[in-house]
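Colleague: Okay, so here is run37.txt, and as you'll see once you scroll down, it has compact mmCIF, C-alpha atoms.
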# COMPACT_ATOMS: atom_id res chain seq x y z
CA MET A 1 0.00 0.00 0.00
CA ALA A 2 1.07 3.62 -0.48
CA ARG A 3 2.88 4.83 2.62
CA ILE A 4 2.48 8.30 4.05
CA PRO A 5 5.92 9.96 3.85
CA GLU A 6 7.55 10.34 7.24
CA ASN A 7 8.36 13.99 6.56
CA GLU A 8 4.67 14.68 5.97
CA ILE A 9 3.75 13.05 9.29
CA GLU A 10 6.43 15.02 11.10
CA ARG A 11 5.27 18.25 9.46
CA LEU A 12 1.73 17.76 10.74
CA LYS A 13 2.96 16.85 14.22
CA ASN A 14 5.01 20.04 14.36
CA GLU A 15 2.82 22.53 12.52
CA VAL A 16 -0.72 21.65 13.63
CA SER A 17 -1.44 23.12 17.07
CA VAL A 18 -2.82 20.60 19.57
CA GLU A 19 -4.08 23.47 21.68
CA ARG A 20 -6.18 24.81 18.79
CA LEU A 21 -7.45 21.33 17.91
CA VAL A 22 -8.57 20.67 21.48
CA GLU A 23 -10.33 24.03 21.73
CA SER A 24 -12.03 23.53 18.35
CA SER A 25 -13.47 20.31 19.81
CA GLY A 26 -15.35 22.34 22.41
CA VAL A 27 -12.94 21.85 25.31
CA THR A 28 -12.30 24.93 27.45
CA LEU A 29 -8.66 25.16 28.41
CA LYS A 30 -7.30 27.10 31.36
CA LYS A 31 -3.69 28.03 31.96
CA SER A 32 -1.96 26.03 34.70
CA GLY A 33 1.71 26.78 34.93
CA LYS A 34 3.37 25.89 31.66
CA ASN A 35 0.40 23.72 30.61
CA PHE A 36 -3.32 24.01 29.95
CA LEU A 37 -6.01 22.00 31.74
CA GLY A 38 -9.46 20.99 30.52
CA LYS A 39 -12.18 18.37 30.90
CA CYS A 40 -11.49 15.28 28.79
CA PRO A 41 -14.20 14.61 26.16
CA PHE A 42 -13.41 10.90 26.09
CA HIS A 43 -14.89 10.11 29.52
CA ASP A 44 -17.24 11.66 32.08
CA ASP A 45 -14.74 14.11 33.52
CA ALA A 46 -15.91 15.89 36.65
CA GLU A 47 -12.50 17.42 37.34
CA PRO A 48 -10.15 18.59 34.59
CA SER A 49 -7.81 15.70 33.81
CA LEU A 50 -6.81 16.64 30.26
CA VAL A 51 -3.40 18.31 30.05
CA VAL A 52 -2.17 20.13 26.95
CA THR A 53 1.54 20.94 26.78
CA SER A 54 1.86 23.54 24.06
CA SER A 55 5.65 23.64 24.16
CA LYS A 56 5.76 19.97 23.09
CA ASN A 57 2.49 20.06 21.11
CA LEU A 58 1.16 17.09 23.08
CA TRP A 59 -1.97 16.20 25.06
CA HIS A 60 -2.59 13.62 27.77
CA CYS A 61 -5.53 12.49 29.89
CA PHE A 62 -4.49 11.15 33.29
CA ALA A 63 -7.84 9.42 33.78
CA CYS A 64 -7.99 7.69 30.37
CA GLN A 65 -4.23 7.18 30.26
CA ILE A 66 -4.14 8.14 26.60
CA GLY A 67 -2.50 10.98 24.74
CA GLY A 68 -0.34 11.98 21.84
CA GLY A 69 -0.05 14.68 19.21
CA PRO A 70 -2.46 16.31 16.74
CA ILE A 71 -2.94 13.17 14.63
CA ASP A 72 -3.79 11.10 17.70
CA TRP A 73 -6.35 13.70 18.78
CA VAL A 74 -8.16 13.61 15.43
CA ILE A 75 -8.18 9.80 15.44
CA LYS A 76 -9.70 9.67 18.92
CA MET A 77 -12.07 12.62 18.55
CA HIS A 78 -13.47 11.75 15.13
CA GLY A 79 -13.22 7.96 15.15
CA VAL A 80 -11.15 7.73 11.99
CA SER A 81 -8.08 5.82 10.85
CA PHE A 82 -4.55 7.16 10.96
CA ARG A 83 -4.53 7.85 7.21
CA HIS A 84 -7.93 9.51 7.39
CA ALA A 85 -6.74 11.73 10.23
CA VAL A 86 -3.70 12.76 8.19
CA GLU A 87 -5.88 13.64 5.20
CA LEU A 88 -8.21 15.68 7.42
CA LEU A 89 -5.32 17.66 8.83
CA LYS A 90 -3.79 18.18 5.38
CA SER A 91 -7.10 19.48 4.06
CA ASP A 92 -7.22 22.30 6.63
CA LEU A 93 -10.93 21.62 7.20
CA PRO A 94 -12.40 22.92 10.49
CA LEU A 95 -12.29 19.93 12.84
CA THR A 96 -15.08 20.82 15.23
CA ALA A 97 -16.97 18.21 17.20
CA SER A 98 -19.42 18.42 20.08
CA ARG A 99 -18.45 15.01 21.40
CA ALA A 100 -16.02 12.20 20.74
CA VAL A 101 -17.00 9.66 18.07
CA LYS A 102 -16.18 5.99 18.60
CA ASP A 103 -16.21 5.07 14.89
CA GLY A 104 -17.09 7.87 12.50
CA THR A 105 -19.08 7.07 9.36
CA VAL A 106 -19.76 10.60 8.12
CA ARG A 107 -16.97 11.77 5.85
CA LYS A 108 -15.62 15.26 6.41
CA LEU A 109 -13.47 15.37 3.27
CA PRO A 110 -15.24 16.60 0.11
CA PRO A 111 -15.90 13.84 -2.47
CA PRO A 112 -13.93 14.11 -5.73
CA VAL A 113 -16.79 12.74 -7.84
CA VAL A 114 -20.35 13.74 -8.71
CA PHE A 115 -22.52 10.85 -7.60
CA ASP A 116 -25.02 11.07 -10.49
CA ALA A 117 -22.36 11.43 -13.21
CA ASP A 118 -22.30 8.85 -16.00
CA ASP A 119 -19.59 6.19 -16.02
CA ALA A 120 -17.33 8.04 -18.46
CA SER A 121 -17.48 11.22 -16.40
CA LEU A 122 -16.98 9.27 -13.18
CA ARG A 123 -13.78 7.70 -14.48
CA LEU A 124 -12.57 11.08 -15.71
CA GLN A 125 -13.26 12.66 -12.31
CA VAL A 126 -11.26 9.97 -10.49
CA VAL A 127 -8.39 10.43 -12.93
CA GLY A 128 -8.58 14.15 -12.14
CA TYR A 129 -8.42 13.42 -8.41
CA TYR A 130 -5.39 11.19 -8.88
CA HIS A 131 -3.81 13.92 -11.00
CA GLU A 132 -4.15 16.50 -8.23
CA THR A 133 -2.96 13.95 -5.66
CA LEU A 134 0.27 13.36 -7.59
CA LYS A 135 1.20 17.03 -7.48
CA THR A 136 1.42 16.94 -3.68
CA ALA A 137 2.74 13.39 -3.26
CA PRO A 138 6.48 13.49 -2.50
CA GLU A 139 6.97 9.76 -3.03
CA ALA A 140 5.38 9.83 -6.48
CA LEU A 141 7.32 12.92 -7.56
CA ALA A 142 10.53 11.31 -6.29
CA TYR A 143 9.77 8.20 -8.34
CA LEU A 144 9.32 10.24 -11.52
CA LYS A 145 12.61 11.98 -10.86
CA SER A 146 14.39 8.66 -10.31
CA ARG A 147 13.18 7.52 -13.73
CA GLY A 148 14.24 10.73 -15.44
CA LEU A 149 10.60 11.75 -15.91
CA ASP A 150 10.63 15.03 -14.01
CA HIS A 151 9.94 17.13 -17.10
CA PRO A 152 7.91 20.20 -16.02
CA GLU A 153 5.20 19.62 -18.64
CA LEU A 154 4.83 15.84 -18.45
CA ILE A 155 2.41 15.60 -15.52
CA ASP A 156 -0.09 18.12 -16.86
CA THR A 157 0.19 17.15 -20.54
CA PHE A 158 -0.74 13.53 -19.89
CA LYS A 159 -2.70 14.03 -16.64
CA LEU A 160 -0.47 11.66 -14.71
CA GLY A 161 -1.77 10.75 -11.28
CA PHE A 162 -1.09 8.84 -8.10
CA ALA A 163 -3.43 6.49 -6.24
CA ASN A 164 -2.55 6.53 -2.54
CA ARG A 165 -5.60 4.99 -0.88
CA THR A 166 -7.23 8.33 -0.07
CA LEU A 167 -10.10 8.12 -2.59
CA GLY A 168 -12.19 5.98 -0.23
CA LEU A 169 -11.70 8.48 2.58
CA ARG A 170 -13.60 11.04 0.50
CA LEU A 171 -16.54 8.80 -0.34
CA PRO A 172 -19.56 8.24 1.92
CA HIS A 173 -19.10 5.24 4.18
CA LYS A 174 -20.15 1.92 2.62
CA ASN A 175 -22.89 1.43 5.25
CA ARG A 176 -24.73 4.48 3.88
CA VAL A 177 -26.90 4.32 0.78
CA ALA A 178 -24.94 6.93 -1.16
CA GLY A 179 -21.66 5.29 -0.19
CA SER A 180 -22.80 1.84 -1.22
CA GLN A 181 -24.08 3.06 -4.57
CA ILE A 182 -21.03 5.12 -5.58
CA ARG A 183 -18.65 2.35 -4.54
CA ALA A 184 -20.57 -0.18 -6.62
CA ARG A 185 -20.29 2.09 -9.64
CA LEU A 186 -16.57 2.61 -9.11
CA GLN A 187 -16.16 -1.16 -8.98
CA LYS A 188 -18.05 -1.40 -12.26
CA THR A 189 -15.68 1.07 -13.90
CA GLY A 190 -12.62 -0.81 -12.62
CA LEU A 191 -11.40 1.78 -10.13
CA LEU A 192 -12.30 -0.12 -6.94
CA ARG A 193 -11.83 -3.80 -6.22
CA ASP A 194 -14.59 -5.98 -4.79
CA THR A 195 -12.90 -5.52 -1.41
CA GLY A 196 -13.50 -1.78 -1.66
CA HIS A 197 -9.79 -1.00 -2.01
CA GLU A 198 -8.54 1.14 -4.86
CA TYR A 199 -7.55 -0.95 -7.87
CA PHE A 200 -4.47 1.16 -8.61
CA ASN A 201 -3.46 1.74 -5.00
CA GLY A 202 0.22 2.56 -4.66
CA SER A 203 0.59 3.21 -8.38
CA LEU A 204 1.63 5.97 -10.70
CA VAL A 205 -1.47 6.37 -12.87
CA VAL A 206 -1.19 7.03 -16.61
CA PRO A 207 -4.56 7.53 -18.34
CA VAL A 208 -5.17 7.06 -22.06
CA PHE A 209 -7.61 9.46 -23.71
CA ASP A 210 -9.53 9.29 -26.96
CA GLU A 211 -10.06 12.25 -29.29
CA SER A 212 -13.08 13.36 -27.25
CA GLY A 213 -11.14 13.42 -24.00
CA ASN A 214 -12.70 10.26 -22.55
CA VAL A 215 -10.55 7.81 -20.60
CA THR A 216 -10.29 4.57 -22.58
CA GLU A 217 -7.54 2.84 -20.60
CA ILE A 218 -5.50 3.36 -17.45
CA TYR A 219 -2.01 2.06 -16.75
CA GLY A 220 -0.79 1.74 -13.19
CA ARG A 221 2.85 1.27 -12.19
CA LYS A 222 3.43 0.24 -8.58
CA ILE A 223 6.01 2.56 -7.06
CA THR A 224 5.95 1.53 -3.42
CA GLY A 225 8.46 -0.91 -1.99
CA LYS A 226 7.94 -4.11 -0.01
CA LEU A 227 5.22 -5.51 -2.25
CA ARG A 228 3.78 -8.88 -1.34
CA ASP A 229 5.08 -11.81 -3.34
CA GLY A 230 3.14 -12.15 -6.56
CA THR A 231 1.89 -8.54 -6.57
CA PRO A 232 2.06 -7.29 -10.17
CA LYS A 233 3.98 -4.07 -10.73
CA HIS A 234 2.07 -3.28 -13.91
CA LEU A 235 -1.71 -2.91 -13.99
CA TYR A 236 -4.32 -2.06 -16.60
CA LEU A 237 -8.06 -1.75 -16.18
CA PRO A 238 -9.73 -5.17 -15.79
CA LYS A 239 -10.83 -6.51 -19.18
CA GLU A 240 -14.48 -6.52 -18.21
CA CYS A 241 -14.28 -2.84 -17.25
CA ARG A 242 -12.51 -1.50 -20.33
CA ALA A 243 -14.11 0.58 -23.01
CA ALA A 244 -14.81 -1.10 -26.34
CA SER A 245 -11.58 0.48 -27.55
CA ARG A 246 -8.49 0.72 -25.33
CA GLY A 247 -7.31 3.61 -27.45
CA VAL A 248 -3.81 4.83 -28.20
CA TRP A 249 -1.66 6.93 -25.87
CA ASN A 250 -0.50 10.32 -27.18
CA LEU A 251 -2.73 10.62 -30.24
CA ALA A 252 -1.23 14.07 -30.78
CA ALA A 253 1.96 12.38 -31.96
CA LEU A 254 0.13 10.47 -34.70
CA ALA A 255 -1.57 13.64 -35.86
CA ALA A 256 1.73 15.53 -36.01
CA SER A 257 4.10 13.00 -37.57
CA ARG A 258 4.01 10.23 -40.17
CA GLU A 259 6.83 8.47 -38.33
CA ILE A 260 6.19 7.07 -34.87
CA ILE A 261 8.44 5.61 -32.19
CA LEU A 262 6.62 2.64 -30.64
CA THR A 263 7.71 1.48 -27.19
CA GLU A 264 6.76 -1.59 -25.20
CA ALA A 265 5.76 0.31 -22.07
CA LEU A 266 4.35 3.73 -21.28
CA ILE A 267 7.28 4.55 -18.97
CA ASP A 268 9.58 4.13 -21.97
CA ALA A 269 7.33 6.25 -24.18
CA MET A 270 7.38 9.05 -21.62
CA THR A 271 11.17 8.71 -21.52
CA PHE A 272 11.38 9.54 -25.22
CA TRP A 273 8.86 12.35 -24.78
CA CYS A 274 10.80 13.95 -21.92
CA ALA A 275 13.99 13.78 -23.99
CA GLY A 276 12.25 15.78 -26.71
CA TYR A 277 11.13 12.99 -29.04
CA ARG A 278 7.44 13.77 -29.10
CA ASN A 279 6.47 11.46 -31.98
CA VAL A 280 6.08 8.50 -29.64
CA THR A 281 3.36 6.13 -28.49
CA SER A 282 3.32 2.79 -26.71
CA SER A 283 1.97 -0.72 -26.76
CA TYR A 284 0.48 -2.07 -23.56
CA GLY A 285 3.24 -4.60 -22.94
CA THR A 286 4.72 -7.17 -25.31
CA SER A 287 1.28 -8.55 -26.17
CA GLY A 288 -0.44 -5.19 -25.98
CA PHE A 289 -0.19 -3.96 -29.57
CA THR A 290 -3.86 -3.86 -30.51
CA ASP A 291 -6.15 -3.34 -33.47
CA ASP A 292 -6.66 0.17 -32.05
CA HIS A 293 -3.02 0.93 -32.84
CA ILE A 294 -3.32 -0.29 -36.42
CA ALA A 295 -6.57 1.63 -36.91
CA ALA A 296 -5.03 4.81 -35.53
CA PHE A 297 -1.90 4.44 -37.66
CA LYS A 298 -4.04 4.06 -40.77
CA LYS A 299 -6.29 6.95 -39.83
CA TYR A 300 -3.40 9.37 -39.34
CA GLY A 301 -1.33 8.11 -42.26
CA THR A 302 1.58 6.67 -40.32
CA GLN A 303 4.22 5.54 -42.83
CA ARG A 304 7.03 4.32 -40.60
CA VAL A 305 7.34 2.87 -37.11
CA LEU A 306 10.57 2.74 -35.11
CA ILE A 307 10.09 -0.16 -32.72
CA ALA A 308 11.72 0.56 -29.37
CA TYR A 309 10.84 -2.60 -27.46
CA ASP A 310 12.97 -3.87 -24.57
CA ARG A 311 16.13 -5.70 -25.56
CA ASP A 312 15.23 -8.88 -23.70
CA ALA A 313 13.58 -12.20 -24.42
CA GLY A 314 10.09 -10.76 -24.15
CA GLY A 315 10.77 -7.75 -26.34
CA ASP A 316 12.79 -9.66 -28.91
CA GLY A 317 10.13 -12.36 -29.09
CA ALA A 318 7.33 -9.87 -29.69
CA VAL A 319 9.01 -7.96 -32.51
CA PRO A 320 8.53 -10.45 -35.42
CA ASP A 321 4.76 -10.64 -34.95
CA LEU A 322 4.60 -6.86 -34.55
CA VAL A 323 6.56 -6.33 -37.78
CA GLU A 324 4.24 -8.70 -39.62
CA LYS A 325 1.18 -6.72 -38.53
CA LEU A 326 2.74 -3.38 -39.40
CA THR A 327 4.06 -4.41 -42.81
CA ALA A 328 0.69 -5.95 -43.64
CA ALA A 329 -0.74 -2.49 -43.05
CA GLY A 330 1.84 -0.98 -45.43
CA ILE A 331 4.00 0.54 -42.68
CA GLU A 332 7.80 0.48 -42.83
CA CYS A 333 9.57 -0.89 -39.76
CA PHE A 334 12.88 -0.10 -38.12
CA ARG A 335 14.07 -1.27 -34.72
CA ILE A 336 15.82 0.89 -32.17
CA GLN A 337 18.26 -1.47 -30.45
CA PHE A 338 19.36 -0.85 -26.90
CA PRO A 339 22.16 -2.77 -25.21
CA LYS A 340 21.09 -6.32 -24.37
CA GLY A 341 18.93 -6.56 -21.29
CA MET A 342 17.99 -2.86 -21.29
CA ASP A 343 14.85 -0.89 -22.05
CA ALA A 344 14.54 2.70 -23.21
CA ASN A 345 14.17 4.17 -19.73
CA GLU A 346 17.06 2.29 -18.18
CA TYR A 347 19.25 3.24 -21.14
CA ALA A 348 18.28 6.91 -21.00
CA VAL A 349 18.84 7.13 -17.23
CA LYS A 350 22.24 5.48 -17.38
CA VAL A 351 23.57 7.13 -20.53
CA LEU A 352 23.33 10.88 -20.16
CA PRO A 353 22.31 13.24 -21.59
CA ALA A 354 19.21 11.27 -22.56
CA ALA A 355 18.33 13.40 -25.58
CA LYS A 356 21.67 12.63 -27.17
CA SER A 357 21.99 8.98 -26.17
CA LEU A 358 18.50 8.27 -27.46
CA GLY A 359 19.40 10.21 -30.60
CA VAL A 360 22.29 7.81 -31.19
CA ALA A 361 20.00 4.81 -30.73
CA ILE A 362 17.44 6.27 -33.12
CA ARG A 363 20.08 7.08 -35.73
CA LYS A 364 21.33 3.48 -35.61
CA ALA A 365 17.83 1.99 -35.97
CA VAL A 366 17.90 -1.27 -37.96
CA TRP A 367 15.74 -1.79 -41.03
CA LEU A 368 13.39 -4.77 -40.55
CA GLY A 369 12.01 -5.08 -44.05
CA LYS A 370 12.63 -8.08 -46.31
CA SER A 371 13.90 -5.91 -49.13
CA LEU A 372 16.46 -3.11 -49.20
CA PRO A 373 15.71 -0.09 -47.04
CA PRO A 374 13.45 2.53 -48.65
CA ALA A 375 15.24 4.87 -51.01
CA ARG A 376 15.69 8.47 -49.91
CA THR A 377 16.36 10.06 -53.26
CA GLY A 378 16.91 8.63 -56.73
CA GLY A 379 16.43 5.06 -55.57
CA LYS A 380 19.58 5.19 -53.45
CA ALA A 381 19.43 3.22 -50.21
CA PRO A 382 19.74 5.58 -47.29
CA GLU A 383 22.47 5.58 -44.72
CA ARG A 384 21.49 5.84 -41.08
CA GLU A 385 21.10 9.60 -41.21
CA ILE A 386 18.07 11.09 -39.55
CA GLU A 387 16.26 14.29 -40.18
CA ILE A 388 15.57 16.17 -36.97
CA ARG A 389 13.16 18.99 -36.41
CA GLU A 390 13.95 21.02 -33.34
CA ALA A 391 10.99 22.06 -31.21
CA HIS A 392 9.28 25.17 -32.59
CA ALA A 393 12.14 25.70 -35.05
CA PRO A 394 12.54 25.32 -38.85
CA GLN A 395 13.49 21.89 -40.13
CA ALA A 396 17.21 21.19 -40.39
CA LYS A 397 19.03 18.24 -41.96
CA GLN A 398 22.00 16.30 -40.64
CA ASP A 399 23.92 14.50 -43.35
CA ALA A 400 27.02 13.47 -41.41
CA PRO A 401 26.65 10.07 -39.68
CA LEU A 402 27.12 10.03 -35.93
CA GLU A 403 29.90 8.02 -34.37
CA ALA A 404 29.06 4.59 -33.02
CA MET A 405 28.14 4.22 -29.38
CA PRO A 406 31.20 3.22 -27.33
CA ALA A 407 31.01 -0.11 -25.52
CA THR A 408 31.30 1.74 -22.21
CA MET A 409 27.88 3.31 -22.92
CA SER A 410 29.14 6.84 -22.56
CA VAL A 411 28.18 9.49 -25.06
CA ASP A 412 30.75 11.74 -26.68
CA THR A 413 28.73 14.93 -26.55
CA GLY A 414 31.26 16.60 -28.78
CA SER A 415 30.47 14.25 -31.65
CA LEU A 416 26.77 14.84 -31.04
CA ALA A 417 26.89 18.61 -30.99
CA ASP A 418 24.42 18.84 -33.82
CA VAL A 419 21.75 16.84 -32.03
CA PRO A 420 19.35 19.37 -30.47
CA ALA A 421 18.53 19.18 -26.79
CA ARG A 422 14.81 19.37 -27.60
CA ILE A 423 13.45 17.38 -30.53
CA ASP A 424 9.95 17.15 -31.93
CA SER A 425 10.35 14.38 -34.47
CA VAL A 426 13.06 12.09 -35.71
CA SER A 427 13.04 10.53 -39.15
CA PRO A 428 15.68 8.34 -40.79
CA LEU A 429 14.19 9.10 -44.18
CA GLY A 430 13.03 12.63 -43.60
CA LEU A 431 9.36 12.05 -42.83
CA THR A 432 7.54 14.56 -40.64
Show me this structure written as structure tokens.

Modeller:
Amino acid sequence: MARIPENEIERLKNEVSVERLVESSGVTLKKSGKNFLGKCPFHDDAEPSLVVTSSKNLWHCFACQIGGGPIDWVIKMHGVSFRHAVELLKSDLPLTASRAVKDGTVRKLPPPVVFDADDASLRLQVVGYYHETLKTAPEALAYLKSRGLDHPELIDTFKLGFANRTLGLRLPHKNRVAGSQIRARLQKTGLLRDTGHEYFNGSLVVPVFDESGNVTEIYGRKITGKLRDGTPKHLYLPKECRAASRGVWNLAALAASREIILTEALIDAMTFWCAGYRNVTSSYGTSGFTDDHIAAFKKYGTQRVLIAYDRDAGGDGAVPDLVEKLTAAGIECFRIQFPKGMDANEYAVKVLPAAKSLGVAIRKAVWLGKSLPPARTGGKAPEREIEIREAHAPQAKQDAPLEAMPATMSVDTGSLADVPARIDSVSPLGLT
């Protein structure tokens, strides 16, 4: 499950005033030396037995023999879980209560969904909630940075999100009619499990949108450690909950370029995108190249695909079938080959700068056709030059071949001086 970062817990313990929390709960405090005294709301207190020590931001009841900090007070006063108490304190909602609650069932956090919305809107609203959650989730942001995906535009462009088990805290309790109904609908759309837990809990969430802005698929990548044995790191919506079409990630790329980089995983596709190669989309795993991809390629006139699958048994094994499908659709195929055992993200993170190392890999893409490579001009077979269009800049050609990648996997940035740091599209044969 997604853990609450220790620094967030410590921040709440230090910044949220216990004295103010206790007073907002209806307890009258009176100064007594360095402390404050009041009647404990957790038992029938005839004489003040509740002590608040403001200097340490702690409370203690000598009769109940319980105490703690601000989080402990909210747990005891409102009858909620530790995580729920943290979310309440983070939300800055007024935490007033006339009496202590043994086990609260009335949610204080505002729901992120409209209960009478249709299924498509409901899924979109949850994706929006996850998107906002990611922006304030240190562990998720740290994960993106560790994978080289901390591009300032990535999160908002693709509405990336993070599921951290807080969605249920904002829904009516399951023993209430409204809570039971909305949870059943979220199960139907694949966002909650039958147990009531979030399907993508602990995952970076990557939604796939169609041209109308509807969510057609969701990819979840577990980012928390200490997973139980057998827990999958990669999740997609359950088959029975998917739309008729799973769709294609980053349709804007297909509309903008006739040449597309096709990765095995969405993390790899985002790696190319962050490095400036925006003409990229992804399969949904080695067996996740679908009819939707072929249909989209045909619709947008894709002429060439640079396959950037993992250089492992799974990736290598999937390529022949993929090439057969693409060539049957009249699409030329090249393969971007990473060092054995590596995928695009691992390669880009280890061989810096990513824009240039990926540029080398693209330039050395191998032709997968049965005949000679397509002619560039006058029927002459092309060398491994690529035509690169820098972002928001006029098109510029590079005719000099780049040097081969050294075995040490370091990049001679001097020999790559002509490769721009930001690239919109890359084309061995000059397609845009």

Colleague: Compare A:Ala296, A:Ala46, A:Ile336, A:Leu58 by their minimum atom-to-atom distance to Ala252 of chain A, counting only C-alpha atoms, and give me the closest one.

Modeller: A:Ala296

Colleague: What are the centre and the three edge lengths of an axis-aligned box that wraps all atoms of segment 301-316 of chain A in the file, given that 5 Å is added to every side, written as lines of an AutoDock Vina configuration file and rounded to one decimal in Å?

Modeller:
center_x = 7.4
center_y = -2.0
center_z = -33.3
size_x = 27.5
size_y = 30.3
size_z = 29.1

Colleague: Can you measure atom CA of Ala265 of chain A to atom CA of Ala137 of chain A for me? One decimal in Å is fine.

Modeller: 23.1 Å

Colleague: Can you work out the spacing between atom CA of Lys56 of chain A and atom CA of Thr136 of chain A in Å, to one decimal?

Modeller: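 Interatomic distance, atom CA of Lys56 of chain A to atom CA of Thr136 of chain A: 27.3 Å.
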
Colleague: When you count only C-alpha atoms, which of these residues is closest to Gly276 of chain A: A:His151, A:Gly230, A:Phe115, A:Pro339?

Modeller: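 Looking only at the distances to Gly276 of chain A, the closest residue turns out to be A:His151.
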
Colleague: So how many Å separate atom CA of Tyr219 of chain A and atom CA of Tyr130 of chain A, to one decimal?

Modeller: 12.5 Å

Colleague: Quick one: everything within 12 Å of Asp316 of chain A, counting all atoms listed in the file, minus sequence neighbours fewer than 4 positions away in the same chain. Send it as a PyMOL selection string.

Modeller: chain A and resi 264+286-287+307-312+320-323+335-338+340-343

Colleague: Leaving out Val366 of chain A and any residue of its chain fewer than 2 positions from it, which residues lie within 10 Å of it when counting all atoms listed in the file, given as a list in words?

Modeller: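 My reading of the contact set: Leu306, Ile307, Cys333, Phe334, Arg335, Ile336, Gln337, Ala361, Ile362, Arg363, Lys364, Leu368, Gly369, Pro373 and Arg384 of chain A.
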
Colleague: Can those selected residues be exported to a file as a PDB file, keeping the file's coordinate frame so that it contains C-alpha atoms?

Modeller:
ATOM      1  CA  LEU A 306      10.570   2.740 -35.110  1.00  0.00           C
ATOM      2  CA  ILE A 307      10.090  -0.160 -32.720  1.00  0.00           C
ATOM      3  CA  CYS A 333       9.570  -0.890 -39.760  1.00  0.00           C
ATOM      4  CA  PHE A 334      12.880  -0.100 -38.120  1.00  0.00           C
ATOM      5  CA  ARG A 335      14.070  -1.270 -34.720  1.00  0.00           C
ATOM      6  CA  ILE A 336      15.820   0.890 -32.170  1.00  0.00           C
ATOM      7  CA  GLN A 337      18.260  -1.470 -30.450  1.00  0.00           C
ATOM      8  CA  ALA A 361      20.000   4.810 -30.730  1.00  0.00           C
ATOM      9  CA  ILE A 362      17.440   6.270 -33.120  1.00  0.00           C
ATOM     10  CA  ARG A 363      20.080   7.080 -35.730  1.00  0.00           C
ATOM     11  CA  LYS A 364      21.330   3.480 -35.610  1.00  0.00           C
ATOM     12  CA  LEU A 368      13.390  -4.770 -40.550  1.00  0.00           C
ATOM     13  CA  GLY A 369      12.010  -5.080 -44.050  1.00  0.00           C
ATOM     14  CA  PRO A 373      15.710  -0.090 -47.040  1.00  0.00           C
ATOM     15  CA  ARG A 384      21.490   5.840 -41.080  1.00  0.00           C
TER      16      ARG A 384
END

Colleague: Which polymer residues, protein or nucleic acid, are no farther than 7 Å from (-14.2, 7.3, 32.6), counting all atoms listed in the file, as a PyMOL selection string?

Modeller: chain A and resi 43-45+63-64

Colleague: Generate a file of the selected residues that holds C-alpha atoms, formatted as a compact mmCIF listing (two decimals), keeping the file's coordinate frame.

Modeller:
# COMPACT_ATOMS: atom_id res chain seq x y z
CA HIS A 43 -14.89 10.11 29.52
CA ASP A 44 -17.24 11.66 32.08
CA ASP A 45 -14.74 14.11 33.52
CA ALA A 63 -7.84 9.42 33.78
CA CYS A 64 -7.99 7.69 30.37

Colleague: Which residue gives the smallest distance to Leu124 of chain A among A:Arg147, A:Lys325, A:Lys76, A:Lys159, with all atoms listed in the file counted?

Modeller: A:Lys159

Colleague: Could you give me, as a ChimeraX atom specification, the residues that sit within 8 Å of (-6.3, 9.9, -11.9) in the file's coordinates, counting all atoms listed in the file?

Modeller: /A:124-132,159-163,205-207

Colleague: Counting all atoms listed in the file, which of A:Thr157, A:Val351, A:Ile182, A:Asp119 gets nearest to Arg278 of chain A?

Modeller: A:Thr157
